[in-house]
$ cat my_file10.cif   # mmCIF, C-alpha atoms
data_data
loop_
_atom_site.group_PDB
_atom_site.id
_atom_site.type_symbol
_atom_site.label_atom_id
_atom_site.label_comp_id
_atom_site.auth_asym_id
_atom_site.auth_seq_id
_atom_site.Cartn_x
_atom_site.Cartn_y
_atom_site.Cartn_z
ATOM 1 C CA MET A 361 0.000 0.000 0.000
ATOM 2 C CA ALA A 362 1.247 3.504 -0.805
ATOM 3 C CA TYR A 363 2.780 5.540 1.989
ATOM 4 C CA GLN A 364 0.159 7.787 3.552
ATOM 5 C CA GLU A 365 1.036 8.352 7.179
ATOM 6 C CA LYS A 366 2.052 11.727 8.498
ATOM 7 C CA GLU A 367 4.714 12.244 11.078
ATOM 8 C CA PRO A 368 5.308 15.147 13.422
ATOM 9 C CA PHE A 369 8.217 17.323 12.412
ATOM 10 C CA LYS A 370 9.523 20.588 13.756
ATOM 11 C CA ILE A 371 9.079 23.313 11.177
ATOM 12 C CA THR A 372 11.777 25.938 11.297
ATOM 13 C CA ILE A 373 10.786 28.654 8.843
ATOM 14 C CA MET A 374 8.087 31.229 9.513
ATOM 15 C CA GLN A 375 6.965 30.961 5.915
ATOM 16 C CA PHE A 376 5.913 27.358 6.485
ATOM 17 C CA LEU A 377 4.121 28.251 9.680
ATOM 18 C CA LYS A 378 1.967 30.779 7.834
ATOM 19 C CA ASN A 379 0.317 27.980 5.951
ATOM 20 C CA THR A 380 -0.524 25.967 9.057
ATOM 21 C CA ASP A 381 -2.733 28.715 10.487
ATOM 22 C CA GLN A 382 -6.063 26.981 11.104
ATOM 23 C CA SER A 383 -7.989 30.084 10.082
ATOM 24 C CA LEU A 384 -6.612 29.727 6.569
ATOM 25 C CA GLU A 385 -7.475 27.156 3.960
ATOM 26 C CA LYS A 386 -4.804 24.482 4.147
ATOM 27 C CA LEU A 387 -3.622 24.052 0.591
ATOM 28 C CA TYR A 388 -0.299 22.361 1.200
ATOM 29 C CA ASP A 389 2.004 21.193 3.947
ATOM 30 C CA LEU A 390 5.747 20.812 3.564
ATOM 31 C CA THR A 391 6.342 18.584 6.581
ATOM 32 C CA MET A 392 7.296 15.584 4.460
ATOM 33 C CA VAL A 393 9.288 17.600 1.939
ATOM 34 C CA THR A 394 11.183 19.255 4.790
ATOM 35 C CA LYS A 395 11.946 15.869 6.258
ATOM 36 C CA MET A 396 13.159 14.457 2.953
ATOM 37 C CA CYS A 397 15.295 17.542 2.341
ATOM 38 C CA ARG A 398 16.653 17.145 5.883
ATOM 39 C CA GLY A 399 15.733 20.762 6.520
ATOM 40 C CA ASN A 400 17.901 22.122 3.691
ATOM 41 C CA GLN A 401 16.018 25.294 2.786
ATOM 42 C CA ASP A 402 17.648 25.698 -0.625
ATOM 43 C CA HIS A 403 16.465 22.221 -1.580
ATOM 44 C CA ILE A 404 12.985 22.930 -0.233
ATOM 45 C CA LEU A 405 12.736 26.121 -2.285
ATOM 46 C CA LYS A 406 13.951 24.309 -5.402
ATOM 47 C CA LEU A 407 11.346 21.601 -4.877
ATOM 48 C CA VAL A 408 8.580 24.155 -4.403
ATOM 49 C CA GLU A 409 9.600 25.865 -7.652
ATOM 50 C CA VAL A 410 9.660 22.541 -9.488
ATOM 51 C CA PHE A 411 6.287 21.592 -8.017
ATOM 52 C CA ILE A 412 4.722 24.866 -9.158
ATOM 53 C CA THR A 413 5.952 24.272 -12.710
ATOM 54 C CA GLN A 414 4.981 20.593 -12.721
ATOM 55 C CA ILE A 415 1.482 20.947 -11.350
ATOM 56 C CA SER A 416 0.711 23.837 -13.708
ATOM 57 C CA GLN A 417 1.931 21.809 -16.690
ATOM 58 C CA SER A 418 -0.066 18.798 -15.525
ATOM 59 C CA VAL A 419 -3.305 20.795 -15.480
ATOM 60 C CA GLU A 420 -2.443 22.125 -18.917
ATOM 61 C CA GLN A 421 -1.947 18.555 -20.174
ATOM 62 C CA ILE A 422 -5.234 17.426 -18.620
ATOM 63 C CA TRP A 423 -7.035 20.208 -20.503
ATOM 64 C CA VAL A 424 -5.328 19.112 -23.720
ATOM 65 C CA GLY A 425 -6.382 15.521 -23.010
ATOM 66 C CA TYR A 426 -9.955 16.637 -22.402
ATOM 67 C CA ASN A 427 -10.131 18.755 -25.542
ATOM 68 C CA GLU A 428 -8.679 15.936 -27.630
ATOM 69 C CA ARG A 429 -10.693 13.245 -25.805
ATOM 70 C CA ASP A 430 -7.404 11.542 -25.068
ATOM 71 C CA LEU A 431 -8.100 9.206 -22.160
ATOM 72 C CA VAL A 432 -4.576 7.802 -21.971
ATOM 73 C CA ARG A 433 -2.971 11.232 -21.775
ATOM 74 C CA ILE A 434 -5.147 12.234 -18.801
ATOM 75 C CA GLU A 435 -4.537 8.917 -17.031
ATOM 76 C CA ASN A 436 -0.776 9.177 -17.545
ATOM 77 C CA VAL A 437 -0.627 12.745 -16.268
ATOM 78 C CA ILE A 438 -2.572 11.824 -13.126
ATOM 79 C CA HIS A 439 -0.509 8.671 -12.584
ATOM 80 C CA LYS A 440 2.715 10.691 -12.791
ATOM 81 C CA ILE A 441 1.792 13.572 -10.538
ATOM 82 C CA LYS A 442 -0.064 11.706 -7.773
ATOM 83 C CA PRO A 443 2.950 10.552 -5.701
ATOM 84 C CA THR A 444 4.379 14.068 -5.625
ATOM 85 C CA LEU A 445 1.090 15.413 -4.240
ATOM 86 C CA THR A 446 1.469 13.208 -1.187
ATOM 87 C CA TYR A 447 4.859 14.726 -0.368
ATOM 88 C CA PHE A 448 3.439 18.229 -0.627
ATOM 89 C CA ASP A 449 0.301 17.133 1.240
ATOM 90 C CA THR A 450 -1.934 18.905 -1.252
ATOM 91 C CA ASP A 451 -5.079 17.038 -0.282
ATOM 92 C CA LYS A 452 -7.449 19.335 -2.150
ATOM 93 C CA ILE A 453 -5.597 18.885 -5.447
ATOM 94 C CA LYS A 454 -5.365 15.151 -4.870
ATOM 95 C CA LEU A 455 -9.099 14.863 -4.228
ATOM 96 C CA GLU A 456 -9.927 16.704 -7.460
ATOM 97 C CA LEU A 457 -7.513 14.478 -9.384
ATOM 98 C CA LEU A 458 -9.018 11.315 -7.930
ATOM 99 C CA LEU A 459 -12.499 12.432 -8.978
ATOM 100 C CA ILE A 460 -11.256 13.172 -12.495
ATOM 101 C CA GLU A 461 -9.445 9.836 -12.575
ATOM 102 C CA ALA A 462 -12.667 8.022 -11.634
ATOM 103 C CA LEU A 463 -14.653 9.817 -14.347
ATOM 104 C CA VAL A 464 -11.986 9.133 -16.956
ATOM 105 C CA ALA A 465 -11.701 5.478 -15.938
ATOM 106 C CA ASN A 466 -15.405 5.112 -16.685
ATOM 107 C CA GLU A 467 -15.029 7.087 -19.921
ATOM 108 C CA LEU A 468 -17.523 9.648 -18.715
ATOM 109 C CA TRP A 469 -16.905 12.501 -21.141
ATOM 110 C CA THR A 470 -19.589 14.612 -19.568
ATOM 111 C CA ILE A 471 -20.012 18.204 -18.508
ATOM 112 C CA GLU A 472 -19.183 16.946 -15.026
ATOM 113 C CA LEU A 473 -15.684 16.030 -16.187
ATOM 114 C CA LYS A 474 -15.145 19.510 -17.597
ATOM 115 C CA GLU A 475 -16.412 21.020 -14.335
ATOM 116 C CA LYS A 476 -14.066 18.825 -12.318
ATOM 117 C CA ILE A 477 -11.084 19.837 -14.437
ATOM 118 C CA ALA A 478 -12.071 23.487 -14.006
ATOM 119 C CA SER A 479 -12.339 22.887 -10.269
ATOM 120 C CA LEU A 480 -8.884 21.259 -10.267
ATOM 121 C CA ASP A 481 -7.534 24.193 -12.240
ATOM 122 C CA ALA A 482 -8.925 26.620 -9.652
ATOM 123 C CA VAL A 483 -7.517 24.797 -6.633
ATOM 124 C CA VAL A 484 -4.130 24.421 -8.340
ATOM 125 C CA LYS A 485 -4.061 28.173 -9.022
ATOM 126 C CA ARG A 486 -4.908 28.922 -5.371
ATOM 127 C CA THR A 487 -2.183 26.535 -4.186
ATOM 128 C CA VAL A 488 0.403 27.949 -6.581
ATOM 129 C CA ASP A 489 -0.513 31.509 -5.592
ATOM 130 C CA LYS A 490 -0.141 30.625 -1.916
ATOM 131 C CA MET A 491 3.223 28.947 -2.479
ATOM 132 C CA GLU A 492 4.481 31.907 -4.504
ATOM 133 C CA GLU A 493 3.315 34.273 -1.801
ATOM 134 C CA ASP A 494 4.830 32.218 1.021
ATOM 135 C CA PHE A 495 8.158 31.794 -0.740
ATOM 136 C CA CYS A 496 8.257 35.201 -2.419
ATOM 137 C CA ILE A 497 8.464 33.599 -5.844
ATOM 138 C CA ASN A 498 7.747 35.782 -8.843
ATOM 139 C CA ASN A 499 6.274 33.645 -11.552
ATOM 140 C CA ASN A 500 4.872 35.290 -14.618
ATOM 141 C CA ASN A 501 4.383 32.158 -16.708
ATOM 142 C CA ASN A 502 1.293 30.739 -15.028
ATOM 143 C CA ASN A 503 -0.700 29.769 -18.047
ATOM 144 C CA ASN A 504 -4.366 29.848 -18.747
ATOM 145 C CA ASN A 505 -4.990 27.053 -21.158
ATOM 146 C CA LYS A 506 -8.622 26.426 -21.679
ATOM 147 C CA MET B 624 34.579 6.963 0.218
ATOM 148 C CA LYS B 625 30.853 7.387 -0.181
ATOM 149 C CA LYS B 626 28.885 4.777 -2.083
ATOM 150 C CA LYS B 627 27.415 5.966 -5.356
ATOM 151 C CA ILE B 628 23.689 5.746 -6.091
ATOM 152 C CA MET B 629 22.152 6.292 -9.507
ATOM 153 C CA VAL B 630 18.559 7.567 -9.592
ATOM 154 C CA VAL B 631 16.508 7.370 -12.791
ATOM 155 C CA ASP B 632 13.064 8.984 -12.807
ATOM 156 C CA ASP B 633 11.460 11.254 -15.379
ATOM 157 C CA GLU B 634 9.698 13.114 -12.564
ATOM 158 C CA ILE B 635 12.155 15.838 -11.614
ATOM 159 C CA SER B 636 10.542 16.318 -8.198
ATOM 160 C CA ILE B 637 11.131 12.651 -7.328
ATOM 161 C CA CYS B 638 14.760 12.943 -8.507
ATOM 162 C CA LEU B 639 15.235 16.025 -6.348
ATOM 163 C CA LEU B 640 13.582 14.444 -3.314
ATOM 164 C CA LEU B 641 15.732 11.335 -3.597
ATOM 165 C CA GLU B 642 18.870 13.369 -4.164
ATOM 166 C CA SER B 643 18.146 15.611 -1.181
ATOM 167 C CA PHE B 644 17.336 12.702 1.078
ATOM 168 C CA LEU B 645 20.206 10.401 0.112
ATOM 169 C CA SER B 646 23.013 12.878 -0.542
ATOM 170 C CA LYS B 647 23.815 13.212 3.163
ATOM 171 C CA ASP B 648 25.267 9.706 3.189
ATOM 172 C CA TYR B 649 25.844 8.859 -0.468
ATOM 173 C CA ASP B 650 26.988 10.330 -3.752
ATOM 174 C CA VAL B 651 23.845 10.614 -5.837
ATOM 175 C CA VAL B 652 23.658 11.025 -9.591
ATOM 176 C CA THR B 653 20.234 11.563 -11.181
ATOM 177 C CA PHE B 654 18.841 11.041 -14.674
ATOM 178 C CA GLN B 655 15.397 11.818 -16.017
ATOM 179 C CA ASP B 656 15.811 9.569 -19.002
ATOM 180 C CA GLY B 657 16.670 5.863 -19.191
ATOM 181 C CA GLN B 658 18.701 6.292 -22.359
ATOM 182 C CA ALA B 659 20.933 8.956 -20.815
ATOM 183 C CA ALA B 660 21.369 6.724 -17.772
ATOM 184 C CA LEU B 661 22.486 3.812 -19.956
ATOM 185 C CA ILE B 662 25.036 6.023 -21.709
ATOM 186 C CA TRP B 663 26.422 7.134 -18.325
ATOM 187 C CA LEU B 664 26.676 3.476 -17.264
ATOM 188 C CA GLU B 665 29.022 2.790 -20.159
ATOM 189 C CA GLU B 666 31.783 4.608 -18.285
ATOM 190 C CA ASN B 667 30.592 4.599 -14.673
ATOM 191 C CA LEU B 668 29.638 1.999 -12.125
ATOM 192 C CA PRO B 669 27.232 2.910 -9.320
ATOM 193 C CA ASP B 670 26.879 0.798 -6.188
ATOM 194 C CA LEU B 671 23.089 0.918 -6.386
ATOM 195 C CA ILE B 672 20.505 1.901 -8.976
ATOM 196 C CA ILE B 673 17.050 3.253 -8.126
ATOM 197 C CA SER B 674 14.812 3.431 -11.186
ATOM 198 C CA ASP B 675 11.248 4.405 -11.955
ATOM 199 C CA ILE B 676 9.264 2.017 -14.152
ATOM 200 C CA GLN B 677 6.980 4.247 -16.204
ATOM 201 C CA MET B 678 9.259 6.491 -18.230
ATOM 202 C CA PRO B 679 9.194 7.689 -21.847
ATOM 203 C CA ASN B 680 11.648 6.289 -24.411
ATOM 204 C CA VAL B 681 13.353 3.601 -22.307
ATOM 205 C CA ASP B 682 10.994 2.425 -19.565
ATOM 206 C CA GLY B 683 12.163 0.950 -16.266
ATOM 207 C CA TYR B 684 11.798 -2.681 -17.347
ATOM 208 C CA GLU B 685 13.762 -2.148 -20.544
ATOM 209 C CA PHE B 686 16.357 -0.247 -18.545
ATOM 210 C CA LEU B 687 16.607 -3.110 -16.048
ATOM 211 C CA ILE B 688 17.012 -5.684 -18.836
ATOM 212 C CA LYS B 689 19.834 -3.652 -20.382
ATOM 213 C CA VAL B 690 21.513 -3.182 -16.990
ATOM 214 C CA ARG B 691 21.445 -6.947 -16.431
ATOM 215 C CA GLU B 692 22.734 -7.675 -19.942
ATOM 216 C CA ARG B 693 25.862 -5.608 -19.362
ATOM 217 C CA GLY B 694 28.765 -7.342 -17.702
ATOM 218 C CA PHE B 695 29.766 -4.549 -15.357
ATOM 219 C CA THR B 696 26.288 -3.931 -13.991
ATOM 220 C CA LYS B 697 25.070 -7.523 -14.087
ATOM 221 C CA HIS B 698 25.182 -7.751 -10.291
ATOM 222 C CA THR B 699 24.532 -4.119 -9.374
ATOM 223 C CA PRO B 700 21.513 -4.024 -7.050
ATOM 224 C CA VAL B 701 18.478 -2.315 -8.579
ATOM 225 C CA VAL B 702 15.485 -0.971 -6.647
ATOM 226 C CA MET B 703 12.478 -0.269 -8.837
ATOM 227 C CA LEU B 704 10.062 2.562 -8.054
ATOM 228 C CA SER B 705 6.482 2.753 -9.208
ATOM 229 C CA ALA B 706 3.171 4.369 -8.378
ATOM 230 C CA LYS B 707 1.595 0.997 -9.206
ATOM 231 C CA SER B 708 1.204 -1.349 -6.273
ATOM 232 C CA GLU B 709 -0.097 -4.424 -8.108
ATOM 233 C CA SER B 710 1.729 -7.677 -7.418
ATOM 234 C CA LYS B 711 2.098 -8.432 -11.144
ATOM 235 C CA GLU B 712 4.345 -5.362 -11.424
ATOM 236 C CA ARG B 713 6.467 -6.575 -8.511
ATOM 237 C CA ILE B 714 6.694 -10.069 -9.971
ATOM 238 C CA LYS B 715 7.855 -8.715 -13.326
ATOM 239 C CA CYS B 716 10.450 -6.566 -11.550
ATOM 240 C CA TYR B 717 11.827 -9.567 -9.651
ATOM 241 C CA GLN B 718 11.764 -11.796 -12.733
ATOM 242 C CA LEU B 719 13.869 -9.267 -14.620
ATOM 243 C CA GLY B 720 16.455 -9.128 -11.860
ATOM 244 C CA GLY B 721 15.340 -6.232 -9.671
ATOM 245 C CA GLN B 722 16.275 -6.634 -5.991
ATOM 246 C CA ASP B 723 13.458 -4.611 -4.483
ATOM 247 C CA TYR B 724 10.316 -2.729 -5.414
ATOM 248 C CA LEU B 725 9.152 0.429 -3.720
ATOM 249 C CA THR B 726 5.745 1.988 -4.239
ATOM 250 C CA LYS B 727 5.529 5.756 -4.685
ATOM 251 C CA PRO B 728 4.868 7.727 -2.579
ATOM 252 C CA PHE B 729 7.365 5.928 -0.370
ATOM 253 C CA ASN B 730 8.174 6.309 3.284
ATOM 254 C CA PRO B 731 11.689 7.812 3.399
ATOM 255 C CA GLU B 732 12.627 5.567 6.296
ATOM 256 C CA GLU B 733 11.688 2.504 4.266
ATOM 257 C CA LEU B 734 13.787 3.796 1.391
ATOM 258 C CA GLU B 735 16.712 4.346 3.739
ATOM 259 C CA GLU B 736 16.512 0.757 4.986
ATOM 260 C CA LEU B 737 16.218 -0.637 1.459
ATOM 261 C CA VAL B 738 19.287 1.316 0.410
ATOM 262 C CA LYS B 739 21.284 0.044 3.396
ATOM 263 C CA LYS B 740 20.094 -3.499 2.846
ATOM 264 C CA ASN B 741 21.278 -3.439 -0.760
ATOM 265 C CA LEU B 742 24.516 -1.543 -0.219
ATOM 266 C CA PHE B 743 25.628 -3.348 2.909
ATOM 267 C CA PRO B 744 23.935 -6.780 2.746
ATOM 268 C CA ILE B 745 26.337 -8.607 5.056
ATOM 269 C CA HIS B 746 26.402 -5.902 7.703
ATOM 270 C CA TYR B 747 22.641 -5.578 7.417
ATOM 271 C CA SER B 748 22.052 -9.299 7.934
ATOM 272 C CA LEU B 749 24.485 -9.409 10.889
ATOM 273 C CA THR B 750 22.485 -6.763 12.721
ATOM 274 C CA TRP B 751 19.720 -9.361 12.846
#

$ encode --input "my_file10.cif" --output "C-alpha cells"
Amino acid sequence: MAYQEKEPFKITIMQFLKNTDQSLEKLYDLTMVTKMCRGNQDHILKLVEVFITQISQSVEQIWVGYNERDLVRIENVIHKIKPTLTYFDTDKIKLELLLIEALVANELWTIELKEKIASLDAVVKRTVDKMEEDFCINNNNNNNNK
Amino acid sequence: MKKKIMVVDDEISICLLLESFLSKDYDVVTFQDGQAALIWLEENLPDLIISDIQMPNVDGYEFLIKVRERGFTKHTPVVMLSAKSESKERIKCYQLGGQDYLTKPFNPEELEELVKKNLFPIHYSLTW
C-alpha cells in the first residue's frame, strides 16, 4: 500500500508556519518535503519551484487531453503527478484528481468532467498563488490554457 | 569513500527528493531519461541503482534488462520505483532481476533501509 502516514516534524521557517494557520485554507504542507530535504532550505525552495511548474503543466496537459478526448494522456498525467502530491500534502488537489481519474476510468466525457477539471484548475491556481506568496516567488508564466 | 547511487526517474521532483534525502550519506547522480542513464553506465559503475518504471523512451523494465545484460552492472543491485502497487508489477520486476520494489509515494525511512540493505547486505544481515 502507498505511503500515507504523516509524522510530526519541527518546522523551522516562519513561511511554512503561515500555511498551518487553522484560520486559513490548508492548501499544502511541507512537513514531508522538509523531512526528505533534511531541513535544507535551498532544496525545499527548489522543490517548491519545481512543483509549481509541474502541477501547472499537468493541469495544462489534462485540458489538452480533455479537448482531444485523449483518455490515456489524462490517465498518464494523473498517474505521474499523484505521488508528488502526497509529499506536498496537497489534499485538495489530490481529491480533485481522484475524482477526475474516476470519471476518466469510466469514460464519462460529460459536462461533469469539464467542471471537475475546471475545479482542479482553480484549486491548483490557489495553491500555486499561496506557495508563490509564502516563498516570495515571482512567476509570470502561469498559463491559462482552456 | 561514499557509495554511489544512480537515480533514474522522469519526474524531476522525485529525482530532487531522492537526491536531497540520500546525498547526506551517499553520492547521488540523477537522470530523467533511461537512455541517458544507460550512456552514463558505459563509463561509470554505481553501487546501487534506483529506477522508476513508467518512463518515456526507455521504460524501467527495458532499462533493467539492459543493466542486467551488461557485464559490469550484471550484479549491481536495482530498486524499482512505481506508483503501481499491483503484485504483477512486482513479480515482473523480480523476474527481470530487480532486488526490491518500492511503491511511490514511499516512506523515506523505508527507502533508507532498502538502500542500506542493498549496499551493505552482510552488515545488514548481521544486525539481525

$ resolve_selection --input "my_file10.cif" --expression "the PyMOL selection byres ((chain B and resi 628-641) around 8)" --output "JSON, numbers by chain"
{"A": [393, 396, 397, 403, 407, 410, 411, 440, 444], "B": [626, 627, 642, 643, 644, 645, 649, 650, 651, 652, 653, 654, 655, 656, 657, 660, 669, 670, 671, 672, 673, 674, 675, 678, 679]}

$ residues_around --input "my_file10.cif" --residues "Leu480 of chain A" --least-positions-apart "6" --cutoff "9 Å" --atoms "all atoms listed in the file" --output "compact mmCIF listing (two decimals) with C-alpha atoms, in the frame of the given file"
# COMPACT_ATOMS: atom_id res chain seq x y z
CA VAL A 419 -3.30 20.80 -15.48
CA LYS A 452 -7.45 19.34 -2.15
CA ILE A 453 -5.60 18.89 -5.45
CA LYS A 454 -5.36 15.15 -4.87
CA LEU A 455 -9.10 14.86 -4.23
CA GLU A 456 -9.93 16.70 -7.46
CA LEU A 457 -7.51 14.48 -9.38
CA ILE A 460 -11.26 13.17 -12.50

$ axis_aligned_box --input "my_file10.cif" --around "segment 432-439 of chain A" --padding-each-side "6 Å" --output "AutoDock Vina command-line options"
--center_x -2.8 --center_y 10.3 --center_z -17.3 --size_x 16.6 --size_y 16.9 --size_z 21.4

$ closest_atom_pairs --input "my_file10.cif" --of "chain B" --to "chain A" --cutoff "6 Å" --atoms "only C-alpha atoms" --output "JSON lines"
{"residue": "B:Ser643", "atom": "CA", "partner": "A:Cys397", "partner_atom": "CA", "distance": 4.9}
{"residue": "B:Phe644", "atom": "CA", "partner": "A:Met396", "partner_atom": "CA", "distance": 4.9}
{"residue": "B:Thr726", "atom": "CA", "partner": "A:Ala362", "partner_atom": "CA", "distance": 5.9}
{"residue": "B:Lys727", "atom": "CA", "partner": "A:Pro443", "partner_atom": "CA", "distance": 5.5}
{"residue": "B:Pro728", "atom": "CA", "partner": "A:Pro443", "partner_atom": "CA", "distance": 4.6}
{"residue": "B:Phe729", "atom": "CA", "partner": "A:Tyr363", "partner_atom": "CA", "distance": 5.2}
{"residue": "B:Asn730", "atom": "CA", "partner": "A:Tyr363", "partner_atom": "CA", "distance": 5.6}

$ closest_residue --input "my_file10.cif" --among "B:Lys739, B:Leu725, B:Pro731, B:Leu687" --to "Lys707 of chain B" --atoms "only C-alpha atoms"
B:Leu725

$ atom_distance --input "my_file10.cif" --atom1 "atom CA of Asn680 of chain B" --atom2 "atom CA of Leu664 of chain B"
16.9 Å
